[in-house]
$ cat run.txt   # compact mmCIF, C-alpha atoms and all ligand atoms
# COMPACT_ATOMS: atom_id res chain seq x y z
CA MET C 6 289.81 205.56 88.72
CA SER C 7 288.79 206.11 92.28
CA ASP C 8 286.29 203.32 92.82
CA ASN C 9 288.21 200.11 92.54
CA PRO C 10 285.96 197.98 90.37
CA SER C 11 287.61 194.78 91.44
CA LYS C 12 284.81 194.33 93.98
CA ASN C 13 283.07 192.93 90.96
CA THR C 14 285.31 189.93 90.91
CA ALA C 15 285.90 189.32 94.60
CA GLN C 16 287.18 185.80 95.07
CA ASP C 17 286.64 184.06 98.32
CA TRP C 18 288.31 180.69 98.33
CA PRO C 19 286.94 178.24 99.20
CA TYR C 20 283.26 178.49 98.35
CA LEU C 21 281.57 176.10 100.77
CA GLU C 22 277.86 176.85 101.00
CA ILE C 23 275.56 174.31 102.57
CA HIS C 24 272.40 175.73 101.01
CA GLN C 25 272.56 176.51 97.33
CA SER C 26 268.98 175.70 96.32
CA ARG C 27 267.02 177.83 98.78
CA THR C 28 265.52 181.22 98.11
CA HIS C 29 264.77 181.76 101.81
CA GLU C 30 265.24 180.14 105.20
CA PRO C 31 262.26 177.80 105.55
CA THR C 32 259.52 179.01 107.87
CA PRO C 33 258.55 176.97 110.96
CA TYR C 34 255.49 175.83 108.99
CA GLU C 35 257.69 174.60 106.12
CA TYR C 36 260.03 172.74 108.47
CA LYS C 37 257.12 171.07 110.21
CA LEU C 38 255.44 170.12 106.93
CA ALA C 39 258.69 168.66 105.55
CA ALA C 40 259.39 166.61 108.67
CA THR C 41 255.83 165.33 108.76
CA LEU C 42 255.99 164.40 105.09
CA GLU C 43 259.09 162.30 105.76
CA ASP C 44 257.22 160.50 108.51
CA VAL C 45 254.22 159.93 106.26
CA PHE C 46 256.38 158.63 103.41
CA THR C 47 258.14 156.29 105.82
CA LYS C 48 255.03 154.87 107.50
CA ASP C 49 252.04 155.43 105.22
CA GLY C 50 253.24 155.09 101.63
CA HIS C 51 254.10 157.05 98.53
CA ALA C 52 250.76 157.47 96.74
CA LEU C 53 249.09 160.87 96.71
CA GLU C 54 246.07 159.60 98.67
CA ASP C 55 248.38 158.09 101.32
CA VAL C 56 250.11 161.40 101.72
CA VAL C 57 246.93 163.45 102.04
CA ARG C 58 245.44 160.96 104.50
CA GLY C 59 248.68 160.79 106.49
CA LEU C 60 248.99 164.56 106.81
CA ASN C 61 245.37 164.98 107.83
CA ALA C 62 245.62 162.15 110.38
CA ARG C 63 248.58 163.97 111.93
CA LYS C 64 246.59 167.21 111.97
CA VAL C 65 249.28 169.05 110.00
CA HIS C 66 247.25 171.35 107.82
CA ALA C 67 247.79 174.16 105.37
CA PRO C 68 248.41 177.63 106.92
CA ASP C 69 244.68 178.46 106.59
CA GLY C 70 243.85 175.49 108.83
CA ALA C 71 241.89 173.57 106.21
CA ALA C 72 242.35 169.82 105.83
CA TRP C 73 244.37 168.80 102.77
CA THR C 74 242.83 167.58 99.57
CA GLU C 75 244.85 166.06 96.74
CA GLU C 76 244.42 169.32 94.82
CA SER C 77 245.38 171.64 97.66
CA PHE C 78 248.40 169.51 98.58
CA ALA C 79 249.66 169.39 94.98
CA ALA C 80 249.16 173.15 94.67
CA GLU C 81 251.07 173.83 97.89
CA MET C 82 253.94 171.56 96.84
CA HIS C 83 254.05 173.41 93.54
CA ARG C 84 254.28 176.70 95.37
CA LEU C 85 257.00 175.48 97.73
CA GLY C 86 258.97 173.22 95.41
CA ALA C 87 258.79 174.73 91.96
CA MET L 28 300.69 178.99 77.13
CA ASN L 29 300.05 176.13 74.71
CA ALA L 30 300.56 172.41 74.81
CA VAL L 31 303.81 172.64 72.87
CA ASN L 32 305.41 174.03 76.02
CA LEU L 33 303.61 171.80 78.47
CA THR L 34 305.10 168.68 79.92
CA ALA L 35 303.06 165.56 80.50
CA GLU L 36 303.62 166.05 84.25
CA HIS L 37 302.20 169.56 84.11
CA ILE L 38 299.14 168.45 82.14
CA PHE L 39 298.56 165.53 84.50
CA ALA L 40 298.87 167.86 87.49
CA THR L 41 296.70 170.71 86.18
CA GLY L 42 294.17 168.99 83.94
CA LEU L 43 293.81 167.74 80.39
CA ARG L 44 293.60 170.12 77.46
CA ASP L 45 291.59 169.90 74.26
CA GLN L 46 288.34 169.23 76.06
CA TRP L 47 285.52 171.00 77.88
CA HIS L 48 285.66 171.69 81.61
CA PRO L 49 283.04 173.10 83.98
CA VAL L 50 284.02 176.54 85.27
CA VAL L 51 281.53 177.96 87.82
CA PRO L 52 277.77 178.00 88.36
CA SER L 53 276.13 180.38 85.89
CA SER L 54 274.77 182.43 88.79
CA PHE L 55 278.33 183.40 89.78
CA VAL L 56 278.45 185.86 86.88
CA ALA L 57 275.41 188.13 86.92
CA PRO L 58 274.48 190.16 83.83
CA GLY L 59 276.81 193.14 83.64
CA ALA L 60 279.35 191.53 85.97
CA MET L 61 282.68 189.80 85.64
CA ARG L 62 284.54 187.23 87.66
CA LYS L 63 288.09 186.06 87.87
CA VAL L 64 288.68 182.32 87.86
CA THR L 65 291.68 180.00 87.87
CA VAL L 66 291.37 176.96 85.64
CA LEU L 67 294.07 174.43 84.66
CA GLY L 68 296.58 176.65 86.46
CA GLU L 69 295.75 179.67 84.25
CA GLN L 70 294.01 182.96 85.04
CA TRP L 71 290.77 183.70 83.23
CA LEU L 72 288.07 186.34 83.28
CA LEU L 73 284.40 185.56 82.88
CA PHE L 74 282.63 188.55 81.42
CA ARG L 75 278.87 188.81 81.01
CA ARG L 76 277.20 191.56 79.02
CA SER L 77 273.94 192.94 80.33
CA ASP L 78 272.02 190.99 77.67
CA GLY L 79 273.35 187.81 79.29
CA THR L 80 275.99 186.92 76.68
CA LEU L 81 278.93 185.32 78.42
CA SER L 82 282.55 185.28 77.32
CA MET L 83 285.74 183.95 78.82
CA LEU L 84 288.94 185.88 78.28
CA ALA L 85 292.52 185.35 79.35
CA ASP L 86 292.93 187.55 82.43
CA ARG L 87 295.84 189.39 80.92
CA CYS L 88 295.85 192.81 79.34
CA PRO L 89 297.37 192.75 75.84
CA HIS L 90 299.34 195.92 76.66
CA ARG L 91 301.58 195.05 79.60
CA GLY L 92 299.87 192.03 81.11
CA ALA L 93 297.92 193.55 83.99
CA PRO L 94 294.92 191.47 85.07
CA LEU L 95 291.82 192.58 83.19
CA SER L 96 289.82 191.37 86.18
CA LEU L 97 290.99 194.48 88.06
CA GLY L 98 289.55 196.61 85.28
CA LYS L 99 286.16 198.08 84.65
CA HIS L 100 283.13 196.48 83.02
CA LEU L 101 282.00 198.87 80.28
CA GLY L 102 278.94 196.94 79.13
CA ASP L 103 280.33 195.39 75.97
CA ARG L 104 284.03 195.56 76.85
CA VAL L 105 286.45 195.72 79.72
CA ALA L 106 288.82 198.60 80.35
CA CYS L 107 292.18 197.74 81.91
CA TRP L 108 292.75 199.64 85.13
CA TYR L 109 296.45 200.24 84.42
CA HIS L 110 296.45 202.35 81.21
CA GLY L 111 292.84 202.09 80.13
CA VAL L 112 293.17 199.80 77.10
CA GLU L 113 289.70 198.54 76.17
CA VAL L 114 289.13 194.93 75.16
CA GLU L 115 285.93 193.64 73.58
CA SER L 116 284.25 190.47 74.75
CA ASP L 117 285.79 188.49 71.87
CA GLY L 118 289.31 189.60 72.81
CA THR L 119 289.68 192.38 70.23
CA VAL L 120 291.34 195.61 71.35
CA ALA L 121 288.63 198.24 70.89
CA SER L 122 290.62 201.29 71.82
CA VAL L 123 293.88 202.55 73.28
CA PRO L 124 292.74 205.77 75.00
CA GLY L 125 296.27 207.04 75.61
CA LEU L 126 297.25 206.78 71.93
CA PRO L 127 294.23 206.85 69.64
CA GLY L 128 294.89 205.12 66.33
CA CYS L 129 297.60 202.94 67.88
CA ASN L 130 298.10 199.79 65.82
CA LEU L 131 296.86 197.54 68.64
CA GLU L 132 293.33 198.74 67.88
CA GLY L 133 291.20 196.26 65.97
CA LYS L 134 293.55 193.34 66.65
CA LYS L 135 292.33 190.25 68.47
CA LEU L 136 295.09 190.01 71.04
CA VAL L 137 293.37 188.36 74.00
CA ARG L 138 292.65 184.66 74.00
CA SER L 139 288.96 183.82 74.38
CA LEU L 140 287.46 180.40 74.95
CA PRO L 141 284.25 178.89 73.57
CA VAL L 142 281.69 178.74 76.38
CA ARG L 143 278.32 177.08 76.88
CA GLU L 144 275.90 177.17 79.77
CA VAL L 145 274.43 173.84 80.76
CA ALA L 146 272.12 172.92 83.64
CA GLY L 147 273.13 175.99 85.63
CA ALA L 148 276.88 175.78 85.00
CA VAL L 149 279.36 177.39 82.63
CA LEU L 150 281.39 174.99 80.51
CA ALA L 151 284.41 176.16 78.53
CA TYR L 152 286.58 174.52 75.91
CA PHE L 153 290.28 174.56 76.76
CA GLY L 154 291.88 174.06 73.40
CA THR L 155 295.51 174.30 72.46
CA GLU L 156 297.08 176.13 69.56
CA GLN L 157 296.96 172.90 67.61
CA GLN L 158 293.29 172.42 68.38
CA PRO L 159 291.62 175.76 69.10
CA GLN L 160 288.30 174.61 67.64
CA PRO L 161 286.09 172.99 70.26
CA SER L 162 285.65 169.26 70.09
CA GLU L 163 282.17 167.82 69.98
CA LEU L 164 280.35 168.02 73.29
CA THR L 165 277.70 165.49 74.26
CA LEU L 166 275.99 166.58 77.44
CA PRO L 167 275.33 164.14 80.29
CA ASP L 168 272.00 162.50 79.47
CA PRO L 169 270.43 163.11 82.93
CA LEU L 170 271.02 166.84 82.51
CA VAL L 171 269.11 167.05 79.23
CA ASP L 172 266.30 164.58 80.00
CA PRO L 173 263.11 166.65 80.51
CA ASP L 174 261.77 164.00 82.92
CA VAL L 175 264.74 164.44 85.21
CA ASP L 176 265.01 167.24 87.75
CA ALA L 177 268.42 168.27 89.07
CA PHE L 178 269.98 170.57 91.66
CA LEU L 179 273.58 171.65 91.23
CA CYS L 180 275.89 171.64 94.24
CA TYR L 181 279.21 173.43 93.71
CA ALA L 182 282.15 173.39 96.12
CA GLU L 183 285.83 174.32 96.19
CA TRP L 184 288.35 171.93 97.69
CA ASP L 185 292.04 172.06 98.54
CA VAL L 186 292.49 168.77 96.75
CA PRO L 187 294.30 167.91 93.49
CA TRP L 188 291.68 167.33 90.79
CA ARG L 189 292.79 163.74 90.22
CA TYR L 190 292.09 162.78 93.84
CA ALA L 191 288.56 164.15 93.54
CA VAL L 192 287.89 162.10 90.40
CA GLU L 193 289.56 159.02 91.88
CA ASN L 194 287.27 159.31 94.89
CA LEU L 195 284.30 158.96 92.55
CA LEU L 196 285.78 155.87 90.89
CA ASP L 197 286.09 154.31 94.34
CA PRO L 198 282.56 153.26 95.32
CA MET L 199 283.76 151.15 98.25
CA HIS L 200 284.58 154.19 100.36
CA GLY L 201 280.83 154.78 100.64
CA ALA L 202 280.29 151.80 102.92
CA PHE L 203 282.93 153.11 105.35
CA LEU L 204 283.44 156.86 105.09
CA HIS L 205 279.72 157.49 104.60
CA HIS L 206 278.45 154.66 106.77
CA ASP L 207 276.62 157.01 109.09
CA SER L 208 274.97 158.98 106.30
CA HIS L 209 271.29 159.13 105.42
CA THR L 210 271.67 157.10 102.24
CA MET L 211 274.68 154.81 102.55
CA PHE L 212 273.99 153.03 105.81
CA ASP L 213 273.03 149.82 104.05
CA GLY L 214 274.86 147.19 102.05
CA ASP L 215 277.82 144.90 102.37
CA THR L 216 281.22 146.12 103.44
CA THR L 217 282.85 143.45 101.31
CA ALA L 218 282.48 143.27 97.57
CA LYS L 219 284.00 142.18 94.28
CA PHE L 220 284.20 144.69 91.45
CA ARG L 221 284.62 144.53 87.73
CA ILE L 222 285.31 147.00 84.95
CA ARG L 223 282.93 147.05 82.02
CA GLU L 224 284.06 149.07 79.02
CA THR L 225 281.56 151.22 77.14
CA ASP L 226 281.90 153.31 74.01
CA ARG L 227 282.17 156.46 76.13
CA GLY L 228 284.21 155.25 79.09
CA TYR L 229 283.72 152.45 81.55
CA PHE L 230 281.62 151.17 84.41
CA PHE L 231 283.23 150.22 87.68
CA GLU L 232 280.64 148.11 89.44
CA LYS L 233 280.02 145.50 92.10
CA THR L 234 279.43 142.03 90.71
CA ASP L 235 277.08 140.93 93.47
CA GLN L 236 275.03 143.92 94.65
CA ARG L 237 273.06 146.62 92.88
CA GLY L 238 270.63 149.27 94.08
CA VAL L 239 271.64 149.12 97.75
CA ASN L 240 274.50 151.52 98.30
CA PHE L 241 277.03 153.22 96.01
CA ASP L 242 277.29 150.07 93.90
CA TRP L 243 278.44 151.33 90.51
CA VAL L 244 279.83 154.35 88.80
CA GLU L 245 280.16 155.14 85.12
CA LEU L 246 282.99 157.29 83.87
CA CYS L 247 282.00 159.13 80.69
CA ARG L 248 284.24 161.05 78.32
CA THR L 249 281.94 162.87 75.93
CA GLY L 250 283.92 166.03 75.22
CA VAL L 251 283.64 166.79 78.93
CA ASP L 252 284.59 164.26 81.62
CA TRP L 253 281.82 163.27 84.02
CA VAL L 254 280.67 160.43 86.20
CA ASP L 255 277.19 159.09 86.69
CA LEU L 256 276.14 157.11 89.71
CA SER L 257 273.02 156.28 91.62
CA ILE L 258 272.28 155.97 95.31
CA PRO L 259 268.98 154.81 96.82
CA TYR L 260 266.97 157.25 98.88
CA PRO L 261 265.32 156.01 102.05
CA PRO L 262 261.49 155.81 101.92
CA SER L 263 261.29 159.14 103.77
CA ALA L 264 262.33 160.92 100.57
CA GLY L 265 259.07 159.93 98.93
CA PRO L 266 258.32 158.54 95.49
CA GLY L 267 260.78 158.50 92.62
CA GLY L 268 263.27 155.92 93.81
CA ALA L 269 267.02 156.44 93.74
CA PHE L 270 268.70 159.77 93.24
CA GLY L 271 271.50 160.06 90.76
CA ILE L 272 274.62 162.16 90.70
CA VAL L 273 276.33 163.65 87.69
CA GLY L 274 279.76 164.68 88.93
CA MET L 275 282.42 166.83 87.29
CA VAL L 276 285.70 168.18 88.62
CA ARG L 277 287.39 171.38 87.52
CA PRO L 278 291.15 171.50 87.98
CA VAL L 279 292.09 174.84 89.55
CA ASP L 280 295.82 174.32 89.85
CA GLU L 281 298.10 171.53 91.04
CA GLU L 282 296.71 171.67 94.57
CA ARG L 283 293.07 172.63 94.21
CA CYS L 284 289.88 171.78 92.40
CA ALA L 285 286.23 172.71 92.24
CA VAL L 286 283.58 170.02 92.24
CA PHE L 287 280.18 170.03 90.54
CA PHE L 288 277.54 167.59 91.69
CA TRP L 289 274.12 167.58 90.11
CA ARG L 290 271.79 165.60 92.36
CA TYR L 291 269.03 164.39 90.10
CA ARG L 292 265.86 162.37 90.29
CA LYS L 293 263.43 161.12 87.70
CA VAL L 294 260.23 162.69 89.00
CA GLN L 295 257.40 164.75 87.54
CA GLY L 296 254.27 166.53 88.74
CA TRP L 297 253.53 166.62 92.45
CA GLN L 298 256.28 164.08 93.06
CA ARG L 299 258.84 166.42 91.53
CA ASP L 300 257.54 169.39 93.50
CA THR L 301 257.57 167.41 96.73
CA TRP L 302 261.12 166.17 96.15
CA ARG L 303 262.23 169.72 95.47
CA PHE L 304 260.51 170.99 98.60
CA LEU L 305 262.12 168.29 100.75
CA TYR L 306 265.48 168.82 99.08
CA LYS L 307 265.56 172.52 99.83
CA THR L 308 264.19 172.15 103.33
CA LEU L 309 265.95 169.03 104.65
CA ILE L 310 267.81 166.87 102.14
CA GLU L 311 270.33 169.34 100.74
CA GLU L 312 271.97 169.75 104.12
CA ARG L 313 272.27 165.98 104.60
CA HIS L 314 273.91 165.66 101.18
CA TRP L 315 276.26 168.43 102.20
CA ASP L 316 277.31 166.51 105.29
CA VAL L 317 278.20 163.51 103.12
CA LEU L 318 280.23 165.69 100.76
CA GLU L 319 282.07 167.21 103.69
CA GLN L 320 283.19 163.74 104.74
CA ASP L 321 284.81 163.39 101.32
CA ARG L 322 286.40 166.83 101.50
CA VAL L 323 287.83 166.33 104.98
CA MET L 324 289.34 162.98 104.00
CA LEU L 325 290.74 164.12 100.66
CA GLU L 326 292.18 167.38 101.99
CA ALA L 327 293.96 165.40 104.70
CA MET L 328 295.64 163.05 102.21
CA PRO L 329 299.37 163.72 101.80
CA SER L 330 300.23 165.24 98.43
CA ASP L 331 302.40 162.23 97.62
CA ALA L 332 299.68 159.79 98.65
CA ASP L 333 299.71 158.13 95.24
CA GLN L 334 303.46 157.50 95.43
CA GLN L 335 303.35 154.98 98.26
CA GLU L 336 300.28 152.84 97.93
CA ASN L 337 299.41 149.20 98.31
CA LEU L 338 296.40 148.72 96.11
CA TYR L 339 293.92 145.87 96.10
CA GLN L 340 291.02 144.69 93.98
CA HIS L 341 288.72 147.59 94.92
CA ASP L 342 291.18 150.03 93.39
CA LEU L 343 290.89 148.75 89.81
CA GLY L 344 288.65 151.67 88.88
CA VAL L 345 291.25 154.14 90.15
CA VAL L 346 294.11 152.34 88.42
CA ARG L 347 292.23 152.38 85.12
CA LEU L 348 291.51 156.09 85.53
CA ARG L 349 295.12 157.03 86.21
CA ARG L 350 296.43 155.02 83.30
CA MET L 351 293.91 156.73 81.04
CA TYR L 352 294.74 160.26 82.21
CA LYS L 353 298.49 159.60 82.22
CA SER L 354 298.55 158.43 78.65
CA ALA L 355 296.26 161.28 77.55
CA ALA L 356 298.64 163.75 79.21
CA GLU L 357 301.63 162.17 77.48
CA GLU L 358 299.87 162.31 74.15
CA GLN L 359 298.99 165.98 74.58
CA ALA L 360 302.53 166.87 75.63
CA GLY L 361 304.08 164.98 72.75
CA ALA L 362 301.71 166.25 70.11
S1 LIG C 401 298.63 196.92 81.10
FE1 LIG C 401 296.57 197.12 80.60
S2 LIG C 401 296.46 199.06 79.72
FE2 LIG C 401 298.53 198.84 80.15
FE FE C 402 282.07 160.04 98.98
$ encode --input "run.txt" --output "structure tokens"
Amino acid sequence: MSDNPSKNTAQDWPYLEIHQSRTHEPTPYEYKLAATLEDVFTKDGHALEDVVRGLNARKVHAPDGAAWTEESFAAEMHRLGA
Amino acid sequence: MNAVNLTAEHIFATGLRDQWHPVVPSSFVAPGAMRKVTVLGEQWLLFRRSDGTLSMLADRCPHRGAPLSLGKHLGDRVACWYHGVEVESDGTVASVPGLPGCNLEGKKLVRSLPVREVAGAVLAYFGTEQQPQPSELTLPDPLVDPDVDAFLCYAEWDVPWRYAVENLLDPMHGAFLHHDSHTMFDGDTTAKFRIRETDRGYFFEKTDQRGVNFDWVELCRTGVDWVDLSIPYPPSAGPGGAFGIVGMVRPVDEERCAVFFWRYRKVQGWQRDTWRFLYKTLIEERHWDVLEQDRVMLEAMPSDADQQENLYQHDLGVVRLRRMYKSAAEEQAGA
């Protein structure tokens, strides 16, 4: 056999990967949204209406520039967090 | 190798037999791929057919002992690189190309282990010749609860497996080693602990504080050994309250282990989606930093650390654990 198939089983010890849940490096928009959410959760509360109000008050909107509604926020979280 | 030949010291050093152990994340073995792995000081080959069926074979060709992991994946079998002997995914020799009709053909000459895939990880049953049939496996309840959402974090450490488990039965280190972390900044640095026995293991818990820091841990032996614990999230993490950890440790050999931590939270709907978004974007890295503190400390411990100790009340959980594993190892060696 010419092609050594052991590439298949390459073992790099140790496996130490910080990010194991991501499918991509977050975009600047995603980083900003996440950081703002943490601020909102800390200062404004944990209910859906608090979150939507808090994001809109901080003028952090969806990529299309529209203000958040409860529906659009839940849909965006589903897209980003599913 | 079977338990008849194993000493209690060897079992204690490389991991208990006759039970399930986690092996690797499922994603480490893609359909049509194979992967070599060391578990309990032995060499194994994970082999996945293209339809997804997974099997775990001793990494040892039945002909002359070459590692099958150097061989070639043929879809439903592996061909040894040395002389081409083909082994099916259940360990049966399918063909001996150099000597067709050879009496090795059709014989099940390679050991294979029962495997299951659970919450993104492969579990395998490491039986002995006395007990090759898998014992009953009850999965950690947070990993089968549909209302609970979990992310698996897997890491490989140059640490004996026992030290990694002992670290989990030692909640007090949280208030010191992880003092500057995002979750364990709070809570008293003095505490009294007690052991509370359960029908599947025991709790090691603070008597005077709950829900503040790393205040309790439950050791569970349900066919696989795991711990459950809970740590409060700061308000920034949003609704859903504390996050939990299901932890398992895979012995690699006497010096090394692999750790499995499922970070879980009881959240549904938009709360679940938001937690997952924050986890991927910001929280996972913070958890990683905490885990690195454990790794750095444990890897720096001398290998004879447990020979020269002066224990105090906070170490009761560790003492109980060692006694349990020691006597289990003696039992398995003497069986
Ligand atoms: S050692 Fe594997 S075929 Fe000979
Ligand atoms: Fe820790």
$ residues_near_ligand --input "run.txt" --ligand "ligand FE 402 (chain C)" --cutoff "8 Å" --atoms "all atoms listed in the file" --output "list in words"
Asn194, Leu195, Pro198, His200, Gly201, Leu204, His205, Val317, Leu318, Gln320 and Asp321 of chain L
$ write_last_selection --input "run.txt" --atoms "C-alpha atoms" --output "PDB file, in the frame of the given file"
ATOM      1  CA  ASN L 194     287.270 159.310  94.890  1.00  0.00           C
ATOM      2  CA  LEU L 195     284.300 158.960  92.550  1.00  0.00           C
ATOM      3  CA  PRO L 198     282.560 153.260  95.320  1.00  0.00           C
ATOM      4  CA  HIS L 200     284.580 154.190 100.360  1.00  0.00           C
ATOM      5  CA  GLY L 201     280.830 154.780 100.640  1.00  0.00           C
ATOM      6  CA  LEU L 204     283.440 156.860 105.090  1.00  0.00           C
ATOM      7  CA  HIS L 205     279.720 157.490 104.600  1.00  0.00           C
ATOM      8  CA  VAL L 317     278.200 163.510 103.120  1.00  0.00           C
ATOM      9  CA  LEU L 318     280.230 165.690 100.760  1.00  0.00           C
ATOM     10  CA  GLN L 320     283.190 163.740 104.740  1.00  0.00           C
ATOM     11  CA  ASP L 321     284.810 163.390 101.320  1.00  0.00           C
TER      12      ASP L 321
END
$ closest_atom_pairs --input "run.txt" --of "chain C" --to "chain L" --cutoff "6 Å" --atoms "all atoms listed in the file" --output "tab-separated table"
residue	atom	partner	partner_atom	distance
C:Pro10	CA	L:Lys99	CA	5.7
C:Ser11	CA	L:Leu97	CA	4.8
C:Thr14	CA	L:Arg62	CA	4.3
C:Pro19	CA	L:Glu183	CA	5.1
C:Tyr20	CA	L:Glu183	CA	5.4
C:Leu21	CA	L:Ala182	CA	5.4
C:Ile23	CA	L:Trp315	CA	5.9
C:Ser26	CA	L:Lys307	CA	5.8
C:Arg27	CA	L:Lys307	CA	5.6
C:Ala39	CA	L:Leu305	CA	5.9
C:Glu43	CA	L:Ser263	CA	4.3
C:Phe46	CA	L:Ser263	CA	4.9
C:Thr47	CA	L:Ser263	CA	4.7
C:His51	CA	L:Pro266	CA	5.4
C:Ala79	CA	L:Trp297	CA	5.4
C:Met82	CA	L:Asp300	CA	5.4
C:His83	CA	L:Asp300	CA	5.3
C:Leu85	CA	L:Phe304	CA	5.8
C:Gly86	CA	L:Phe304	CA	4.2
C:Ala87	CA	L:Asp300	CA	5.7
$ residues_near_ligand --input "run.txt" --ligand "ligand LIG 401 (chain C)" --cutoff "6 Å" --atoms "all atoms listed in the file" --output "list in words"
Cys88, His90, Arg91, Gly92, Ala93, Cys107, Tyr109, His110, Gly111 and Val112 of chain L
$ residues_around --input "run.txt" --residues "Tyr339 (chain L)" --least-positions-apart "6" --cutoff "12 Å" --atoms "all atoms listed in the file" --output "list in words"
Asp197, Met199, Ala218, Lys219, Phe220, Val345 and Val346 of chain L
$ residues_near_point --input "run.txt" --point "(283.9, 148.3, 79.5)" --cutoff "12 Å" --atoms "only C-alpha atoms" --output "ChimeraX atom specification"
/L:221-232,244-247,344,347
$ atom_distance --input "run.txt" --atom1 "CA of Ala327 (chain L)" --atom2 "CA of Val276 (chain L)"
18.3 Å
$ closest_residue --input "run.txt" --among "L:His37, L:Ile258, L:Asp252, L:Tyr190" --to "Asp213 (chain L)" --atoms "all atoms listed in the file"
L:Ile258
$ residues_around --input "run.txt" --residues "Pro161 (chain L)" --least-positions-apart "3" --cutoff "10 Å" --atoms "all atoms listed in the file" --output "PDB file with C-alpha atoms, keeping the file's coordinate frame"
ATOM      1  CA  ASP L  45     291.590 169.900  74.260  1.00  0.00           C
ATOM      2  CA  GLN L  46     288.340 169.230  76.060  1.00  0.00           C
ATOM      3  CA  TRP L  47     285.520 171.000  77.880  1.00  0.00           C
ATOM      4  CA  LEU L 140     287.460 180.400  74.950  1.00  0.00           C
ATOM      5  CA  PRO L 141     284.250 178.890  73.570  1.00  0.00           C
ATOM      6  CA  VAL L 142     281.690 178.740  76.380  1.00  0.00           C
ATOM      7  CA  ALA L 151     284.410 176.160  78.530  1.00  0.00           C
ATOM      8  CA  TYR L 152     286.580 174.520  75.910  1.00  0.00           C
ATOM      9  CA  PHE L 153     290.280 174.560  76.760  1.00  0.00           C
ATOM     10  CA  GLY L 154     291.880 174.060  73.400  1.00  0.00           C
ATOM     11  CA  THR L 155     295.510 174.300  72.460  1.00  0.00           C
ATOM     12  CA  GLN L 158     293.290 172.420  68.380  1.00  0.00           C
ATOM     13  CA  LEU L 164     280.350 168.020  73.290  1.00  0.00           C
ATOM     14  CA  GLY L 250     283.920 166.030  75.220  1.00  0.00           C
TER      15      GLY L 250
END
$ atom_distance --input "run.txt" --atom1 "CA of Ser257 (chain L)" --atom2 "CA of Ala269 (chain L)"
6.4 Å
$ residues_around --input "run.txt" --residues "Leu101 (chain L)" --least-positions-apart "4" --cutoff "9 Å" --atoms "only C-alpha atoms" --output "count of residues only"
5
$ atom_distance --input "run.txt" --atom1 "CA of Val57 (chain C)" --atom2 "CA of Thr210 (chain L)"
25.5 Å
$ residues_around --input "run.txt" --residues "Gly118 (chain L)" --least-positions-apart "5" --cutoff "8 Å" --atoms "all atoms listed in the file" --output "number ranges by chain"
L: 84, 135-139
$ residues_around --input "run.txt" --residues "Ala202 (chain L)" --least-positions-apart "4" --cutoff "9 Å" --atoms "only C-alpha atoms" --output "PyMOL selection string"
chain L and resi 198+206-207+211-217+240-241
$ closest_residue --input "run.txt" --among "L:Arg292, L:Thr119, L:Pro49, L:Thr80" --to "Gly102 (chain L)" --atoms "only C-alpha atoms"
L:Thr80
